[in-house]
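One file, structure-v3.csv, carrying CSV, C-alpha atoms and all ligand atoms:
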chain,number,residue,atom,x,y,z
A,1,MET,CA,-78.3,-44.4,-15.3
A,2,THR,CA,-78.7,-42.0,-18.2
A,3,ILE,CA,-76.6,-42.9,-21.3
A,4,ILE,CA,-77.0,-41.0,-24.6
A,5,LEU,CA,-76.1,-42.7,-27.9
A,6,ILE,CA,-75.1,-40.2,-30.5
A,7,THR,CA,-74.8,-41.0,-34.2
A,8,GLY,CA,-73.0,-38.6,-36.6
A,9,ALA,CA,-70.5,-37.5,-33.9
A,10,THR,CA,-67.9,-37.2,-36.7
A,11,GLY,CA,-70.0,-34.5,-38.3
A,12,PHE,CA,-70.7,-30.9,-37.6
A,13,ILE,CA,-74.0,-31.2,-35.7
A,14,GLY,CA,-73.4,-34.6,-34.0
A,15,PHE,CA,-70.0,-33.4,-32.7
A,16,HIS,CA,-71.4,-30.2,-31.3
A,17,VAL,CA,-74.3,-32.1,-29.6
A,18,LEU,CA,-71.7,-34.6,-28.2
A,19,LEU,CA,-69.6,-31.7,-26.8
A,20,ALA,CA,-72.7,-30.0,-25.3
A,21,ALA,CA,-73.8,-33.4,-23.8
A,22,VAL,CA,-70.5,-34.2,-22.1
A,23,GLU,CA,-70.1,-30.6,-20.9
A,24,ALA,CA,-73.5,-31.0,-19.3
A,25,GLY,CA,-72.3,-34.0,-17.4
A,26,TYR,CA,-74.0,-36.8,-19.4
A,27,THR,CA,-72.4,-40.1,-20.3
A,28,VAL,CA,-72.2,-40.5,-24.0
A,29,ARG,CA,-71.6,-43.3,-26.4
A,30,TYR,CA,-71.1,-42.5,-30.1
A,31,THR,CA,-71.2,-44.6,-33.2
A,32,VAL,CA,-68.5,-44.6,-35.8
A,33,ARG,CA,-67.9,-46.3,-39.1
A,34,SER,CA,-64.2,-46.9,-38.5
A,35,GLN,CA,-61.6,-46.8,-35.6
A,36,GLU,CA,-59.9,-43.8,-37.4
A,37,LYS,CA,-63.2,-41.9,-37.2
A,38,ALA,CA,-63.4,-42.8,-33.4
A,39,LEU,CA,-60.0,-41.2,-33.0
A,40,VAL,CA,-61.1,-38.1,-34.9
A,41,VAL,CA,-63.6,-37.5,-32.0
A,42,ALA,CA,-61.5,-38.8,-29.1
A,43,SER,CA,-58.3,-36.9,-30.1
A,44,ASN,CA,-60.1,-33.6,-30.9
A,45,PRO,CA,-58.6,-30.7,-28.9
A,46,ALA,CA,-62.0,-29.7,-27.6
A,47,ILE,CA,-62.5,-33.2,-26.2
A,48,GLN,CA,-59.0,-33.6,-24.9
A,49,LYS,CA,-59.4,-30.3,-23.0
A,50,LEU,CA,-62.3,-31.9,-21.0
A,51,ALA,CA,-60.1,-34.8,-19.9
A,52,LEU,CA,-63.1,-37.2,-19.7
A,53,GLY,CA,-62.7,-40.7,-18.4
A,54,LYS,CA,-63.6,-43.8,-20.5
A,55,ASN,CA,-66.8,-44.2,-18.5
A,56,ARG,CA,-68.0,-40.7,-19.7
A,57,LEU,CA,-67.3,-41.0,-23.4
A,58,SER,CA,-66.9,-44.2,-25.5
A,59,SER,CA,-67.3,-45.2,-29.1
A,60,VAL,CA,-68.9,-48.2,-30.7
A,61,LEU,CA,-67.9,-49.4,-34.2
A,62,ILE,CA,-70.6,-50.0,-36.7
A,63,PRO,CA,-69.0,-50.4,-40.1
A,64,ASP,CA,-72.3,-50.3,-42.0
A,65,PHE,CA,-75.2,-48.4,-40.4
A,66,THR,CA,-77.6,-49.6,-43.0
A,67,LEU,CA,-77.5,-53.3,-42.1
A,68,ASP,CA,-80.4,-54.9,-40.2
A,69,GLY,CA,-79.6,-55.0,-36.5
A,70,ALA,CA,-76.6,-52.7,-36.9
A,71,PHE,CA,-77.5,-50.8,-33.7
A,72,ASP,CA,-78.5,-53.7,-31.5
A,73,THR,CA,-75.3,-53.9,-29.5
A,74,ALA,CA,-74.7,-50.1,-29.4
A,75,LEU,CA,-78.1,-49.6,-27.8
A,76,GLU,CA,-77.5,-51.9,-24.8
A,77,GLY,CA,-78.3,-49.9,-21.7
A,78,VAL,CA,-78.9,-46.6,-23.6
A,79,THR,CA,-81.7,-44.4,-22.4
A,80,HIS,CA,-81.6,-41.5,-25.0
A,81,VAL,CA,-80.7,-41.6,-28.7
A,82,ILE,CA,-79.7,-38.6,-30.8
A,83,HIS,CA,-79.5,-39.6,-34.4
A,84,ALA,CA,-77.5,-37.0,-36.5
A,85,GLY,CA,-75.6,-39.6,-38.6
A,86,SER,CA,-77.1,-39.3,-42.0
A,87,PRO,CA,-75.8,-38.1,-45.4
A,88,VAL,CA,-75.8,-34.5,-46.5
A,89,PRO,CA,-76.1,-33.8,-50.3
A,90,ASN,CA,-72.5,-33.8,-51.4
A,91,PRO,CA,-72.3,-33.3,-55.2
A,92,ALA,CA,-69.9,-36.2,-55.6
A,93,TYR,CA,-72.4,-38.7,-54.0
A,94,ASN,CA,-74.7,-41.1,-55.9
A,95,PRO,CA,-78.1,-39.6,-55.2
A,96,THR,CA,-79.9,-42.9,-54.7
A,97,THR,CA,-77.3,-45.2,-53.0
A,98,ASP,CA,-75.3,-42.6,-51.1
A,99,VAL,CA,-78.1,-40.2,-50.0
A,100,PHE,CA,-81.7,-41.4,-50.4
A,101,GLN,CA,-81.3,-45.1,-49.4
A,102,PRO,CA,-79.0,-44.6,-46.3
A,103,THR,CA,-81.2,-41.7,-45.0
A,104,LEU,CA,-84.2,-44.1,-44.8
A,105,LYS,CA,-82.4,-47.3,-44.0
A,106,ILE,CA,-80.3,-45.9,-41.1
A,107,SER,CA,-83.3,-44.3,-39.4
A,108,GLU,CA,-85.5,-47.5,-39.9
A,109,GLY,CA,-82.8,-49.8,-38.6
A,110,LEU,CA,-82.1,-47.6,-35.6
A,111,LEU,CA,-85.8,-47.5,-34.7
A,112,ALA,CA,-86.1,-51.3,-35.2
A,113,SER,CA,-83.1,-51.9,-32.9
A,114,ALA,CA,-84.5,-49.5,-30.3
A,115,LEU,CA,-87.7,-51.6,-30.2
A,116,LYS,CA,-85.5,-54.4,-28.9
A,117,ALA,CA,-83.8,-52.2,-26.3
A,118,PRO,CA,-86.0,-51.9,-23.2
A,119,THR,CA,-83.9,-49.1,-21.6
A,120,VAL,CA,-84.5,-46.6,-24.5
A,121,LYS,CA,-86.9,-43.8,-23.5
A,122,ARG,CA,-86.4,-41.1,-26.2
A,123,VAL,CA,-85.2,-41.1,-29.8
A,124,ILE,CA,-84.3,-37.7,-31.3
A,125,ILE,CA,-83.8,-37.7,-35.1
A,126,THR,CA,-82.1,-34.7,-36.8
A,127,SER,CA,-84.2,-33.9,-39.8
A,128,SER,CA,-84.2,-30.7,-42.0
A,129,ILE,CA,-86.6,-28.0,-42.9
A,130,VAL,CA,-86.6,-29.4,-46.5
A,131,GLY,CA,-88.5,-32.4,-45.1
A,132,ASN,CA,-91.4,-30.0,-44.2
A,133,LEU,CA,-91.3,-27.5,-47.0
A,134,PRO,CA,-93.8,-27.9,-49.9
A,135,LEU,CA,-92.2,-29.2,-53.1
A,136,GLY,CA,-91.9,-26.9,-56.2
A,137,ALA,CA,-91.6,-23.1,-56.3
A,138,PRO,CA,-91.1,-21.3,-52.9
A,139,SER,CA,-94.5,-20.9,-51.3
A,140,ALA,CA,-95.9,-18.2,-49.0
A,141,LYS,CA,-97.6,-20.9,-46.9
A,142,VAL,CA,-96.3,-21.0,-43.3
A,143,THR,CA,-94.5,-24.3,-42.6
A,144,SER,CA,-93.5,-25.8,-39.3
A,145,ALA,CA,-91.8,-28.9,-37.9
A,146,SER,CA,-95.3,-30.6,-37.8
A,147,SER,CA,-95.9,-30.0,-41.5
A,148,ARG,CA,-95.8,-33.0,-43.7
A,149,VAL,CA,-95.4,-33.0,-47.5
A,150,PRO,CA,-97.9,-35.3,-49.2
A,151,LEU,CA,-96.3,-38.4,-50.6
A,152,SER,CA,-96.7,-39.0,-54.4
A,153,ASP,CA,-97.7,-42.4,-55.7
A,154,PRO,CA,-95.5,-44.1,-56.5
A,155,ILE,CA,-92.8,-42.7,-54.2
A,156,PRO,CA,-89.8,-41.7,-56.3
A,157,SER,CA,-86.7,-44.0,-56.0
A,158,SER,CA,-84.3,-42.4,-58.4
A,159,PHE,CA,-83.2,-38.8,-58.5
A,160,ASP,CA,-81.5,-36.2,-60.8
A,161,ASN,CA,-79.1,-35.0,-58.2
A,162,PRO,CA,-78.0,-35.6,-54.5
A,163,PHE,CA,-80.0,-32.5,-53.3
A,164,GLU,CA,-83.3,-33.9,-54.7
A,165,ALA,CA,-82.5,-37.3,-53.2
A,166,TYR,CA,-81.8,-35.5,-49.8
A,167,ILE,CA,-85.1,-33.7,-49.9
A,168,PHE,CA,-87.1,-36.8,-50.7
A,169,GLY,CA,-85.1,-38.8,-48.1
A,170,LYS,CA,-86.0,-36.2,-45.4
A,171,ILE,CA,-89.7,-36.0,-46.5
A,172,ILE,CA,-90.2,-39.8,-46.4
A,173,GLU,CA,-88.2,-40.3,-43.2
A,174,LEU,CA,-90.7,-38.0,-41.4
A,175,HIS,CA,-93.6,-40.1,-42.8
A,176,ASN,CA,-91.9,-43.3,-41.9
A,177,SER,CA,-91.3,-42.3,-38.3
A,178,ASP,CA,-95.0,-41.2,-38.0
A,179,GLU,CA,-96.0,-44.6,-39.4
A,180,PHE,CA,-93.6,-46.4,-37.0
A,181,VAL,CA,-95.2,-44.6,-34.0
A,182,LYS,CA,-98.7,-45.5,-35.2
A,183,THR,CA,-98.1,-49.1,-36.2
A,184,ARG,CA,-95.4,-50.3,-33.8
A,185,ASN,CA,-96.5,-48.6,-30.6
A,186,PRO,CA,-92.9,-48.2,-29.4
A,187,HIS,CA,-92.1,-48.1,-25.6
A,188,PHE,CA,-90.1,-44.9,-26.4
A,189,THR,CA,-91.0,-41.5,-27.8
A,190,ILE,CA,-89.7,-40.0,-31.0
A,191,SER,CA,-89.1,-36.3,-31.8
A,192,HIS,CA,-87.4,-34.7,-34.8
A,193,VAL,CA,-85.2,-31.7,-34.4
A,194,VAL,CA,-85.5,-29.8,-37.7
A,195,PRO,CA,-82.9,-27.1,-38.5
A,196,GLY,CA,-82.4,-24.8,-41.4
A,197,TYR,CA,-78.9,-24.3,-42.7
A,198,VAL,CA,-76.6,-24.5,-39.7
A,199,PHE,CA,-73.8,-22.1,-39.2
A,200,GLY,CA,-71.3,-21.5,-36.4
A,201,ARG,CA,-68.0,-22.7,-35.0
A,202,ASN,CA,-67.1,-26.2,-35.9
A,203,GLU,CA,-64.4,-27.7,-33.6
A,204,LEU,CA,-63.8,-30.6,-36.1
A,205,ALA,CA,-62.4,-28.1,-38.6
A,206,LEU,CA,-58.7,-28.0,-37.5
A,207,ASP,CA,-57.2,-25.7,-40.1
A,208,THR,CA,-58.3,-23.1,-42.6
A,209,ALA,CA,-58.5,-25.7,-45.5
A,210,MET,CA,-60.8,-27.8,-43.4
A,211,MET,CA,-62.9,-24.8,-42.6
A,212,GLU,CA,-63.5,-24.1,-46.2
A,213,THR,CA,-64.0,-27.6,-47.5
A,214,GLN,CA,-64.8,-30.1,-44.7
A,215,ASN,CA,-67.2,-27.9,-42.8
A,216,SER,CA,-70.7,-29.1,-43.8
A,217,SER,CA,-73.1,-26.2,-44.3
A,218,ASN,CA,-70.4,-23.8,-43.0
A,219,ASN,CA,-68.7,-24.4,-46.4
A,220,PHE,CA,-71.4,-22.1,-47.9
A,221,LEU,CA,-70.9,-19.4,-45.3
A,222,MET,CA,-67.1,-19.6,-45.8
A,223,MET,CA,-67.5,-19.2,-49.6
A,224,SER,CA,-69.5,-16.0,-49.2
A,225,MET,CA,-67.0,-14.7,-46.6
A,226,ARG,CA,-64.1,-15.3,-48.9
A,227,GLY,CA,-65.5,-13.6,-52.1
A,228,GLY,CA,-67.2,-16.7,-53.6
A,229,GLU,CA,-70.7,-17.9,-54.2
A,230,PRO,CA,-72.4,-21.1,-53.2
A,231,PRO,CA,-73.2,-23.3,-56.2
A,232,TYR,CA,-77.0,-22.9,-55.7
A,233,PRO,CA,-79.5,-20.6,-54.0
A,234,LEU,CA,-79.9,-20.9,-50.2
A,235,TYR,CA,-83.0,-20.4,-48.1
A,236,ASN,CA,-82.7,-17.1,-46.3
A,237,SER,CA,-83.1,-18.7,-43.0
A,238,PHE,CA,-80.5,-20.3,-40.6
A,239,ALA,CA,-79.8,-22.0,-37.3
A,240,HIS,CA,-76.9,-21.3,-35.0
A,241,ILE,CA,-75.0,-24.5,-34.1
A,242,ASP,CA,-75.2,-23.6,-30.4
A,243,ASP,CA,-79.0,-23.4,-30.6
A,244,VAL,CA,-79.0,-26.7,-32.6
A,245,ALA,CA,-77.1,-28.5,-29.9
A,246,ASP,CA,-79.1,-26.9,-27.1
A,247,VAL,CA,-82.4,-27.9,-28.7
A,248,HIS,CA,-81.3,-31.5,-29.3
A,249,LEU,CA,-80.6,-31.9,-25.6
A,250,ARG,CA,-83.6,-29.9,-24.4
A,251,VAL,CA,-85.9,-32.0,-26.6
A,252,ALA,CA,-84.2,-35.3,-25.6
A,253,PHE,CA,-85.0,-34.6,-21.9
A,254,LEU,CA,-88.6,-33.2,-22.3
A,255,GLU,CA,-91.4,-34.6,-20.2
A,256,SER,CA,-94.0,-36.8,-21.8
A,257,GLU,CA,-96.7,-34.2,-22.6
A,258,THR,CA,-94.6,-33.3,-25.7
A,259,GLU,CA,-94.0,-36.9,-26.8
A,260,HIS,CA,-93.6,-37.4,-30.5
A,261,LYS,CA,-93.6,-33.7,-31.1
A,262,ASP,CA,-91.1,-32.2,-33.6
A,263,PHE,CA,-89.2,-28.9,-33.2
A,264,GLY,CA,-87.9,-26.6,-35.9
A,265,ILE,CA,-85.0,-24.2,-35.6
A,266,THR,CA,-84.7,-21.6,-38.2
A,267,THR,CA,-84.6,-17.8,-38.3
A,268,LYS,CA,-84.9,-15.4,-41.2
A,269,MET,CA,-81.8,-13.5,-42.1
A,270,ASP,CA,-80.2,-11.5,-44.9
A,271,TYR,CA,-77.1,-12.9,-46.6
A,272,ASN,CA,-76.3,-9.3,-47.7
A,273,THR,CA,-75.4,-8.4,-44.2
A,274,ILE,CA,-72.4,-10.9,-44.0
A,275,PHE,CA,-69.9,-8.4,-45.4
A,276,ASN,CA,-71.1,-5.6,-43.1
A,277,HIS,CA,-70.7,-7.8,-40.0
A,278,LEU,CA,-67.1,-8.7,-41.1
A,279,ASN,CA,-66.2,-5.1,-42.0
A,280,LYS,CA,-67.5,-3.8,-38.7
A,281,ASN,CA,-65.8,-6.4,-36.5
A,282,PHE,CA,-62.7,-7.5,-38.4
A,283,PRO,CA,-61.8,-4.4,-40.5
A,284,GLU,CA,-58.1,-5.4,-40.7
A,285,ALA,CA,-59.0,-8.8,-42.1
A,286,VAL,CA,-61.2,-7.1,-44.7
A,287,ALA,CA,-58.4,-4.5,-45.5
A,288,THR,CA,-55.9,-7.3,-46.1
A,289,GLY,CA,-58.3,-9.2,-48.3
A,290,ILE,CA,-58.8,-12.3,-46.0
A,291,PHE,CA,-62.5,-11.6,-46.0
A,292,LYS,CA,-64.1,-10.4,-49.3
A,293,MET,CA,-67.6,-9.6,-50.3
A,294,GLY,CA,-69.2,-12.8,-51.8
A,295,LYS,CA,-72.7,-13.5,-53.1
A,296,VAL,CA,-75.6,-15.8,-52.1
A,297,VAL,CA,-78.7,-16.1,-54.1
A,298,PRO,CA,-81.5,-16.2,-51.5
A,299,LEU,CA,-84.5,-18.5,-51.6
A,300,PRO,CA,-87.5,-17.1,-49.7
A,301,ILE,CA,-89.0,-19.2,-46.9
A,302,ASN,CA,-91.8,-18.9,-44.4
A,303,TYR,CA,-91.1,-21.3,-41.6
A,304,ASP,CA,-92.4,-20.9,-38.0
A,305,SER,CA,-90.2,-22.2,-35.2
A,306,SER,CA,-91.5,-19.9,-32.5
A,307,GLU,CA,-92.5,-22.9,-30.4
A,308,THR,CA,-88.9,-24.0,-30.1
A,309,GLU,CA,-87.9,-20.5,-28.9
A,310,GLN,CA,-90.7,-20.9,-26.3
A,311,LEU,CA,-89.2,-24.2,-25.3
A,312,LEU,CA,-85.7,-22.6,-24.9
A,313,GLY,CA,-87.2,-19.6,-23.1
A,314,ARG,CA,-85.2,-17.2,-25.3
A,315,LYS,CA,-84.7,-16.0,-28.8
A,316,PHE,CA,-82.4,-18.0,-31.1
A,317,LYS,CA,-78.9,-16.6,-31.6
A,318,ALA,CA,-78.6,-13.9,-34.3
A,319,PHE,CA,-77.1,-14.5,-37.7
A,320,GLU,CA,-74.4,-11.9,-36.9
A,321,THR,CA,-73.2,-14.2,-34.0
A,322,ALA,CA,-72.8,-17.1,-36.4
A,323,VAL,CA,-70.9,-15.1,-38.9
A,324,LEU,CA,-68.6,-13.7,-36.3
A,325,ASP,CA,-68.0,-17.1,-34.6
A,326,VAL,CA,-67.0,-18.6,-38.0
A,327,ALA,CA,-64.9,-15.6,-38.9
A,328,LYS,CA,-63.1,-15.7,-35.5
A,329,GLN,CA,-62.4,-19.4,-35.9
A,330,TYR,CA,-61.0,-18.8,-39.4
A,331,LEU,CA,-58.7,-16.0,-38.2
A,332,GLU,CA,-57.5,-18.2,-35.3
A,333,LYS,CA,-56.7,-21.0,-37.6
A,334,ALA,CA,-54.9,-18.6,-40.0
A,335,GLY,CA,-52.8,-17.3,-37.1
A,336,ASN,CA,-54.2,-13.8,-37.3
A,337,ILE,CA,-55.8,-13.8,-33.8
A,338,SER,CA,-55.2,-16.0,-30.7
A,339,ALA,CA,-57.7,-18.6,-29.6
B,1,LIG,N1,-75.7,-28.8,-41.6
B,1,LIG,C1,-76.9,-28.3,-41.9
B,1,LIG,O1,-77.1,-27.2,-42.3
B,1,LIG,C2,-78.1,-29.2,-41.6
B,1,LIG,C3,-79.3,-28.6,-41.7
B,1,LIG,C4,-80.5,-29.4,-41.5
B,1,LIG,C5,-80.3,-30.7,-41.2
B,1,LIG,N2,-79.1,-31.3,-41.1
B,1,LIG,C6,-79.0,-32.7,-40.8
B,1,LIG,O2,-78.2,-32.9,-39.7
B,1,LIG,C7,-77.5,-34.2,-39.8
B,1,LIG,C8,-76.0,-34.0,-39.7
B,1,LIG,O3,-75.6,-33.1,-40.6
B,1,LIG,P1,-74.2,-32.4,-40.5
B,1,LIG,O4,-74.3,-31.0,-40.9
B,1,LIG,O5,-73.6,-32.7,-39.2
B,1,LIG,O6,-73.4,-33.2,-41.6
B,1,LIG,P2,-71.9,-33.7,-41.7
B,1,LIG,O7,-70.9,-32.8,-41.0
B,1,LIG,O8,-71.6,-34.1,-43.1
B,1,LIG,O9,-71.9,-35.1,-40.8
B,1,LIG,C9,-72.7,-36.2,-41.2
B,1,LIG,C10,-72.5,-37.3,-40.2
B,1,LIG,O10,-73.3,-38.4,-40.7
B,1,LIG,C11,-72.5,-39.5,-40.9
B,1,LIG,N3,-72.9,-40.2,-42.1
B,1,LIG,C12,-73.2,-39.7,-43.3
B,1,LIG,N4,-73.5,-40.7,-44.2
B,1,LIG,C13,-73.5,-41.8,-43.5
B,1,LIG,C14,-73.8,-43.2,-43.8
B,1,LIG,N5,-74.2,-43.5,-45.0
B,1,LIG,N6,-73.7,-44.1,-42.9
B,1,LIG,C15,-73.3,-43.8,-41.6
B,1,LIG,N7,-73.0,-42.5,-41.2
B,1,LIG,C16,-73.1,-41.6,-42.1
B,1,LIG,C17,-71.1,-39.0,-41.1
B,1,LIG,O11,-70.2,-40.0,-40.7
B,1,LIG,P3,-68.7,-40.2,-41.4
B,1,LIG,O12,-67.9,-39.2,-40.7
B,1,LIG,O13,-68.4,-41.6,-41.1
B,1,LIG,O14,-68.9,-39.9,-42.9
B,1,LIG,C18,-71.1,-37.8,-40.1
B,1,LIG,O15,-70.9,-38.3,-38.8
B,1,LIG,C19,-78.0,-34.8,-41.2
B,1,LIG,O16,-79.1,-35.6,-41.0
B,1,LIG,C20,-78.4,-33.6,-41.9
B,1,LIG,O17,-79.4,-33.9,-42.9
B,1,LIG,C21,-78.0,-30.6,-41.4
Could you show the structure in this file as structure tokens?
Ligand SMILES: NC(=O)c1ccc[n+]([C@@H]2O[C@H](COP(=O)([O-])OP(=O)(O)OC[C@H]3O[C@@H](n4cnc5c(N)ncnc54)[C@H](OP(=O)(O)O)[C@@H]3O)[C@@H](O)[C@H]2O)c1
Amino acid sequence: MTIILITGATGFIGFHVLLAAVEAGYTVRYTVRSQEKALVVASNPAIQKLALGKNRLSSVLIPDFTLDGAFDTALEGVTHVIHAGSPVPNPAYNPTTDVFQPTLKISEGLLASALKAPTVKRVIITSSIVGNLPLGAPSAKVTSASSRVPLSDPIPSSFDNPFEAYIFGKIIELHNSDEFVKTRNPHFTISHVVPGYVFGRNELALDTAMMETQNSSNNFLMMSMRGGEPPYPLYNSFAHIDDVADVHLRVAFLESETEHKDFGITTKMDYNTIFNHLNKNFPEAVATGIFKMGKVVPLPINYDSSETEQLLGRKFKAFETAVLDVAKQYLEKAGNISA
């Protein structure tokens, strides 16, 4: 029997993957840090609408994901693992203890537990394009999901800010997984799914305030749709959340010839088009000042994820679609249009 274990289901990507997995008919178990968080998932209107039985969707409580053996029980009987439960660079976080260390510890612990779980066939880890991109000033060099950033000696262990800690966490996690495959010869295969900034509808955001502040990377899109500016430059490349969920599942169920292969998801776009998309599709919301022209300082990037489009057999969704999906959700929550 196929059972998917999903970490990070209380977050933007993990929840969308979970929804896509149960909608596709899979049995899903998800890990949470508290019972309250389990309820956030179970009581979500998008889940409630599906009226799933307990045998289709269940949670497992792991108060601290970083402890040795934390995933041992959760992995019993599991065939596929999708690991999206890892910190993102919140400015309020301690760079080392809240971002860098858990990024590495959780992934290491999960792989170590999977070694003890004979049913596990595939482990998919959500990484980020920052784990592949060369350090320093933006480079014209083409990067892809198989690119690795050389590790400095010694490897840094303290950081100036959470974003720097996040980048090094993702870079080192990729190296650690490669090393794990080489040295531990696991009975399962590992692939990373590697998105750029992810934008699109987030069913976990239940009102307009949540959409603007508790919406992961969508917070940045919301800022620029509401006349603001994200606090730092953003790569001019994005991934639609629907593609991100689709790719996680497609990669999880790939046949063995692509074992241990990583898959990027990012498409170039222009943040200057956001306001045009809003003006064209929601002119009243622009006229009444709900949507205002904001600003994003773009960072150039040259990342090739064409192999993933080949895997999907189609082009990734357009930036306009992501902007309009988020705008529509915002207007629904604000009571301006019906769901
Ligand atoms: N969003 C993007 O643009 C983007 C782009 C590229 C890669 N990614 C990667 O995708 C993954 C998920 O991102 P997201 O956008 O879904 O972020 P998110 O909405 O902030 O969700 C993060 C998830 O990870 C869990 N988590 C965070 N720190 C944890 C810790 N120390 N111990 C246990 N669980 C922890 C959270 O659980 P709680 O609810 O318990 O806090 C939540 O379920 C991350 O690996 C991120 O690096 C995201």
**Pairwise distance for CA of Leu151 in chain A and CA of Ile167 in chain A, rounded to one decimal in Å** =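 Straight-line distance from CA of Leu151 in chain A to CA of Ile167 in chain A works out to 12.2 Å.
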Using all atoms listed in the file, what does the table of chain A residues within 7 Å of ligand LIG 1 (chain B) look like, with each row giving the shortest atom pair and its distance in Å to one decimal, sorted by chain and ascending number, as CSV?
residue,atom,partner,partner_atom,distance
A:Thr7,CA,B:LIG1,O15,6.6
A:Gly8,CA,B:LIG1,O15,3.1
A:Ala9,CA,B:LIG1,O15,5.0
A:Thr10,CA,B:LIG1,O15,3.8
A:Gly11,CA,B:LIG1,O9,3.2
A:Phe12,CA,B:LIG1,O5,3.8
A:Ile13,CA,B:LIG1,O5,3.8
A:Gly14,CA,B:LIG1,O5,5.5
A:Val32,CA,B:LIG1,O13,6.1
A:Arg33,CA,B:LIG1,O13,5.1
A:Lys37,CA,B:LIG1,O12,6.5
A:Asp64,CA,B:LIG1,N6,6.4
A:Phe65,CA,B:LIG1,C15,5.1
A:Thr66,CA,B:LIG1,N6,6.7
A:Ala84,CA,B:LIG1,C7,4.3
A:Gly85,CA,B:LIG1,O10,3.3
A:Ser86,CA,B:LIG1,O10,4.1
A:Pro87,CA,B:LIG1,N4,3.7
A:Val88,CA,B:LIG1,O17,5.1
A:Asp98,CA,B:LIG1,N5,6.3
A:Pro102,CA,B:LIG1,N5,5.1
A:Thr126,CA,B:LIG1,O2,5.2
A:Ser127,CA,B:LIG1,C5,5.2
A:Ser128,CA,B:LIG1,C4,4.0
A:Ile129,CA,B:LIG1,C4,6.4
A:Val194,CA,B:LIG1,C4,6.3
A:Pro195,CA,B:LIG1,C4,4.5
A:Gly196,CA,B:LIG1,C3,4.9
A:Tyr197,CA,B:LIG1,O1,3.4
A:Val198,CA,B:LIG1,O1,3.8
A:Phe199,CA,B:LIG1,O1,6.8
A:Asn215,CA,B:LIG1,O7,6.4
A:Ser216,CA,B:LIG1,O7,4.6
A:Ser217,CA,B:LIG1,N1,4.6
Next, write the just-selected residues to a file, as a PDB file, keeping the file's coordinate frame, keeping C-alpha atoms as the atom set.
ATOM      1  CA  THR A   7     -74.800 -41.000 -34.200  1.00  0.00           C
ATOM      2  CA  GLY A   8     -73.000 -38.600 -36.600  1.00  0.00           C
ATOM      3  CA  ALA A   9     -70.500 -37.500 -33.900  1.00  0.00           C
ATOM      4  CA  THR A  10     -67.900 -37.200 -36.700  1.00  0.00           C
ATOM      5  CA  GLY A  11     -70.000 -34.500 -38.300  1.00  0.00           C
ATOM      6  CA  PHE A  12     -70.700 -30.900 -37.600  1.00  0.00           C
ATOM      7  CA  ILE A  13     -74.000 -31.200 -35.700  1.00  0.00           C
ATOM      8  CA  GLY A  14     -73.400 -34.600 -34.000  1.00  0.00           C
ATOM      9  CA  VAL A  32     -68.500 -44.600 -35.800  1.00  0.00           C
ATOM     10  CA  ARG A  33     -67.900 -46.300 -39.100  1.00  0.00           C
ATOM     11  CA  LYS A  37     -63.200 -41.900 -37.200  1.00  0.00           C
ATOM     12  CA  ASP A  64     -72.300 -50.300 -42.000  1.00  0.00           C
ATOM     13  CA  PHE A  65     -75.200 -48.400 -40.400  1.00  0.00           C
ATOM     14  CA  THR A  66     -77.600 -49.600 -43.000  1.00  0.00           C
ATOM     15  CA  ALA A  84     -77.500 -37.000 -36.500  1.00  0.00           C
ATOM     16  CA  GLY A  85     -75.600 -39.600 -38.600  1.00  0.00           C
ATOM     17  CA  SER A  86     -77.100 -39.300 -42.000  1.00  0.00           C
ATOM     18  CA  PRO A  87     -75.800 -38.100 -45.400  1.00  0.00           C
ATOM     19  CA  VAL A  88     -75.800 -34.500 -46.500  1.00  0.00           C
ATOM     20  CA  ASP A  98     -75.300 -42.600 -51.100  1.00  0.00           C
ATOM     21  CA  PRO A 102     -79.000 -44.600 -46.300  1.00  0.00           C
ATOM     22  CA  THR A 126     -82.100 -34.700 -36.800  1.00  0.00           C
ATOM     23  CA  SER A 127     -84.200 -33.900 -39.800  1.00  0.00           C
ATOM     24  CA  SER A 128     -84.200 -30.700 -42.000  1.00  0.00           C
ATOM     25  CA  ILE A 129     -86.600 -28.000 -42.900  1.00  0.00           C
ATOM     26  CA  VAL A 194     -85.500 -29.800 -37.700  1.00  0.00           C
ATOM     27  CA  PRO A 195     -82.900 -27.100 -38.500  1.00  0.00           C
ATOM     28  CA  GLY A 196     -82.400 -24.800 -41.400  1.00  0.00           C
ATOM     29  CA  TYR A 197     -78.900 -24.300 -42.700  1.00  0.00           C
ATOM     30  CA  VAL A 198     -76.600 -24.500 -39.700  1.00  0.00           C
ATOM     31  CA  PHE A 199     -73.800 -22.100 -39.200  1.00  0.00           C
ATOM     32  CA  ASN A 215     -67.200 -27.900 -42.800  1.00  0.00           C
ATOM     33  CA  SER A 216     -70.700 -29.100 -43.800  1.00  0.00           C
ATOM     34  CA  SER A 217     -73.100 -26.200 -44.300  1.00  0.00           C
TER      35      SER A 217
END
**Prompt:** So what do you get for CA of Asp262 in chain A versus CA of Asp304 in chain A, distance-wise?
**Reply:**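 For CA of Asp262 in chain A relative to CA of Asp304 in chain A, the distance reads 12.2 Å.
Closest to Ile62 in chain A among A:Val81, A:Val99, A:Leu110, A:Leu278 is A:Leu110, based on all atoms listed in the file.
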**Request:** Give the answer as one residue: which of A:Arg56, A:Lys268, A:Lys295, A:His240 has the shortest atom-to-atom distance to Phe316 in chain A, using all atoms listed in the file?
**Result:**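 The shortest atom-to-atom distance to Phe316 in chain A comes from A:His240.
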**Message:** Quick one: residues within 12 Å of Ala42 in chain A, all atoms listed in the file, excluding same-chain residues fewer than 2 positions away - as an MDAnalysis selection string?
**Reply:** chainID A and resid 9:10 15 18:19 28:30 32 35:40 44:54 56:59 204
